[in-house]
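Below: run-v4.pdb (PDB, C-alpha atoms)
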ATOM      1  CA  MET A 443     100.983  84.957  96.712
ATOM      2  CA  ALA A 444      99.137  85.589 100.020
ATOM      3  CA  GLU A 445      95.759  85.320  98.266
ATOM      4  CA  ARG A 446      96.776  82.022  96.670
ATOM      5  CA  MET A 447      97.856  80.652 100.058
ATOM      6  CA  ARG A 448      94.580  81.823 101.591
ATOM      7  CA  GLU A 449      92.606  79.985  98.913
ATOM      8  CA  GLN A 450      94.632  76.813  99.506
ATOM      9  CA  GLN A 451      94.059  77.008 103.271
ATOM     10  CA  VAL A 452      90.321  77.525 102.777
ATOM     11  CA  ALA A 453      90.151  74.578 100.377
ATOM     12  CA  LEU A 454      91.862  72.392 102.990
ATOM     13  CA  LEU A 455      89.519  73.579 105.722
ATOM     14  CA  ARG A 456      86.465  72.874 103.590
ATOM     15  CA  ASN A 457      87.593  69.482 102.280
ATOM     16  CA  VAL A 458      89.382  67.910 105.237
ATOM     17  CA  PRO A 459      87.008  67.054 108.074
ATOM     18  CA  LEU A 460      88.165  68.012 111.555
ATOM     19  CA  GLN A 461      86.782  66.040 114.474
ATOM     20  CA  GLY A 462      84.339  68.076 116.521
ATOM     21  CA  ILE A 463      84.609  71.188 114.305
ATOM     22  CA  PHE A 464      81.888  72.325 111.935
ATOM     23  CA  ILE A 465      82.653  75.192 109.564
ATOM     24  CA  GLU A 466      79.560  77.343 109.264
ATOM     25  CA  ASP A 467      80.960  80.233 107.202
ATOM     26  CA  VAL A 468      84.171  81.332 105.500
ATOM     27  CA  ASP A 469      84.575  85.036 104.751
ATOM     28  CA  LEU A 470      87.355  86.012 102.335
ATOM     29  CA  SER A 471      86.274  89.625 101.926
ATOM     30  CA  LEU A 472      89.087  91.183 103.961
ATOM     31  CA  ASP A 473      91.851  92.845 101.943
ATOM     32  CA  VAL A 474      95.392  91.548 101.730
ATOM     33  CA  TYR A 475      97.807  93.713 103.704
ATOM     34  CA  ALA A 476     101.577  93.832 104.195
ATOM     35  CA  MET A 477     103.648  94.392 107.314
ATOM     36  CA  THR A 478     107.337  94.842 107.947
ATOM     37  CA  GLU A 479     108.667  92.141 110.238
ATOM     38  CA  GLY A 480     112.100  91.293 111.481
ATOM     39  CA  ASP A 481     114.385  90.538 114.373
ATOM     40  CA  GLY A 482     115.892  94.015 114.676
ATOM     41  CA  ARG A 483     118.815  93.549 112.304
ATOM     42  CA  ARG A 484     116.968  92.294 109.249
ATOM     43  CA  THR A 485     113.503  93.268 108.186
ATOM     44  CA  HIS A 486     111.285  92.045 105.389
ATOM     45  CA  GLN A 487     107.780  92.586 104.059
ATOM     46  CA  VAL A 488     105.206  89.903 104.834
ATOM     47  CA  ALA A 489     101.791  89.819 103.170
ATOM     48  CA  TYR A 490      98.714  88.581 105.028
ATOM     49  CA  ALA A 491      95.369  87.522 103.556
ATOM     50  CA  PRO A 492      92.917  87.290 106.479
ATOM     51  CA  ILE A 493      90.089  84.793 106.703
ATOM     52  CA  ILE A 494      87.101  85.048 109.001
ATOM     53  CA  LEU A 495      85.918  81.572 109.997
ATOM     54  CA  THR A 496      82.682  80.954 111.809
ATOM     55  CA  LEU A 497      82.948  77.593 113.532
ATOM     56  CA  ARG A 498      80.805  75.476 115.779
ATOM     57  CA  ILE A 499      82.731  73.166 118.087
ATOM     58  CA  GLU A 500      81.603  70.242 120.210
ATOM     59  CA  ASN A 501      84.288  70.682 122.868
ATOM     60  CA  LEU A 502      86.644  73.510 123.695
ATOM     61  CA  ASP A 503      89.650  71.237 123.250
ATOM     62  CA  ASP A 504      88.606  70.581 119.628
ATOM     63  CA  LEU A 505      89.775  74.151 118.987
ATOM     64  CA  LEU A 506      93.404  73.361 119.953
ATOM     65  CA  PRO A 507      94.652  72.693 116.402
ATOM     66  CA  PHE A 508      93.701  76.287 115.552
ATOM     67  CA  LEU A 509      95.228  77.759 118.704
ATOM     68  CA  ILE A 510      98.752  76.483 118.113
ATOM     69  CA  LYS A 511      99.027  77.477 114.470
ATOM     70  CA  PRO A 512     100.676  80.845 113.814
ATOM     71  CA  GLU A 513      98.316  81.441 110.880
ATOM     72  CA  PHE A 514      95.460  81.967 113.307
ATOM     73  CA  ARG A 515      96.486  85.222 114.938
ATOM     74  CA  LYS A 516      93.165  86.183 116.445
ATOM     75  CA  ILE A 517      90.233  84.144 117.696
ATOM     76  CA  ASP A 518      86.975  85.772 118.772
ATOM     77  CA  PHE A 519      84.254  83.875 120.585
ATOM     78  CA  LEU A 520      80.778  84.887 119.470
ATOM     79  CA  CYS A 521      78.975  82.734 121.988
ATOM     80  CA  PRO A 522      78.621  81.732 124.689
ATOM     81  CA  GLU A 523      79.627  84.865 126.542
ATOM     82  CA  ASN A 524      80.561  82.839 129.640
ATOM     83  CA  ILE A 525      82.046  79.379 129.949
ATOM     84  CA  SER A 526      82.036  77.283 133.083
ATOM     85  CA  LEU A 527      84.444  74.355 133.194
ATOM     86  CA  HIS A 528      84.551  71.549 135.689
ATOM     87  CA  ARG A 529      87.977  70.919 137.228
ATOM     88  CA  LEU A 530      88.417  67.666 135.289
ATOM     89  CA  ASP A 531      87.469  69.356 132.010
ATOM     90  CA  MET A 532      90.072  72.050 132.690
ATOM     91  CA  GLU A 533      92.720  69.412 133.435
ATOM     92  CA  ARG A 534      91.891  67.588 130.192
ATOM     93  CA  LEU A 535      92.048  70.859 128.230
ATOM     94  CA  LEU A 536      95.416  71.837 129.709
ATOM     95  CA  PHE A 537      96.794  68.324 129.138
ATOM     96  CA  ARG A 538      95.752  68.388 125.466
ATOM     97  CA  LEU A 539      97.156  71.904 125.101
ATOM     98  CA  SER A 540     100.483  70.752 126.524
ATOM     99  CA  GLN A 541     100.545  67.752 124.168
ATOM    100  CA  SER A 542      99.782  69.969 121.172
ATOM    101  CA  PHE A 543     102.541  72.433 122.026
ATOM    102  CA  GLN A 544     105.064  69.648 122.587
ATOM    103  CA  GLN A 545     104.183  68.120 119.232
ATOM    104  CA  GLU A 546     104.522  71.508 117.505
ATOM    105  CA  ILE A 547     107.915  72.077 119.189
ATOM    106  CA  LYS A 548     109.137  68.688 117.960
ATOM    107  CA  LEU A 549     108.074  69.530 114.413
ATOM    108  CA  LEU A 550     109.882  72.876 114.571
ATOM    109  CA  GLU A 551     113.013  71.238 115.988
ATOM    110  CA  GLN A 552     113.004  68.680 113.166
ATOM    111  CA  LYS A 553     112.560  71.452 110.633
ATOM    112  CA  TYR A 554     115.351  73.713 111.900
ATOM    113  CA  LEU A 555     117.863  71.229 113.314
ATOM    114  CA  ARG A 556     118.355  69.206 110.135
TER     115      ARG A 556
END

How would this structure read if it were set down as structure tokens?
Amino acid sequence: MAERMREQQVALLRNVPLQGIFIEDVDLSLDVYAMTEGDGRRTHQVAYAPIILTLRIENLDDLLPFLIKPEFRKIDFLCPENISLHRLDMERLLFRLSQSFQQEIKLLEQKYLR
């Protein structure tokens, strides 16, 4: 099931253009693994099928859709090693981050408060 979901996610990433994001490589070679997760009282097995994406982005805030999704657990920056942001760029980034989180919270509220 996890492998099938991984393939569907990769197909979406390859076929749906994302503004400012260019997919340079998709690596599906990592093995599927399972972990036990729970809230203390109940536990269950969850399978993960990792993907390694190599992306090129125009702006740092173009990466926000990936940052707020729980599917993307780890993000490594290959380059540049250092980033310098102007104050206004930082304000814009934080504003967009706040908007993205608020939108995600609304979606979760709609999902669970029905």

For segment 460-475 of chain A: contacts at 8 Å, all atoms listed in the file, fewer than 6 positions along chain excluded, given as a ChimeraX atom specification | /A:444-445,452,489-501,504-505

Could you please take those selected residues and save C-alpha atoms as a PDB file, in the frame of the given file?
ATOM      1  CA  ALA A 444      99.137  85.589 100.020  1.00  0.00           C
ATOM      2  CA  GLU A 445      95.759  85.320  98.266  1.00  0.00           C
ATOM      3  CA  VAL A 452      90.321  77.525 102.777  1.00  0.00           C
ATOM      4  CA  ALA A 489     101.791  89.819 103.170  1.00  0.00           C
ATOM      5  CA  TYR A 490      98.714  88.581 105.028  1.00  0.00           C
ATOM      6  CA  ALA A 491      95.369  87.522 103.556  1.00  0.00           C
ATOM      7  CA  PRO A 492      92.917  87.290 106.479  1.00  0.00           C
ATOM      8  CA  ILE A 493      90.089  84.793 106.703  1.00  0.00           C
ATOM      9  CA  ILE A 494      87.101  85.048 109.001  1.00  0.00           C
ATOM     10  CA  LEU A 495      85.918  81.572 109.997  1.00  0.00           C
ATOM     11  CA  THR A 496      82.682  80.954 111.809  1.00  0.00           C
ATOM     12  CA  LEU A 497      82.948  77.593 113.532  1.00  0.00           C
ATOM     13  CA  ARG A 498      80.805  75.476 115.779  1.00  0.00           C
ATOM     14  CA  ILE A 499      82.731  73.166 118.087  1.00  0.00           C
ATOM     15  CA  GLU A 500      81.603  70.242 120.210  1.00  0.00           C
ATOM     16  CA  ASN A 501      84.288  70.682 122.868  1.00  0.00           C
ATOM     17  CA  ASP A 504      88.606  70.581 119.628  1.00  0.00           C
ATOM     18  CA  LEU A 505      89.775  74.151 118.987  1.00  0.00           C
TER      19      LEU A 505
END

Can you write out as a Markdown table which residues of segment 450-536 of chain A fall within 9 Å of segment 540-553 of chain A, alongside each residue's closest atom pair and its distance in Å to one decimal, counting all atoms listed in the file and ordering rows by chain and ascending residue number?
| residue | atom | partner | partner_atom | distance |
| --- | --- | --- | --- | --- |
| A:Leu506 | CA | A:Ser542 | CA | 7.3 |
| A:Pro507 | CA | A:Ser542 | CA | 7.5 |
| A:Ile510 | CA | A:Phe543 | CA | 6.8 |
| A:Lys511 | CA | A:Glu546 | CA | 8.7 |
| A:Leu535 | CA | A:Ser540 | CA | 8.6 |
| A:Leu536 | CA | A:Ser540 | CA | 6.1 |

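The interatomic distance for the pair atom CA of Asp481 of chain A and atom CA of Arg446 of chain A works out to 26.4 Å.
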
In Å, rounded to a single decimal, give me how far atom CA of Val488 of chain A is from atom CA of Ala476 of chain A.
-> 5.4 Å
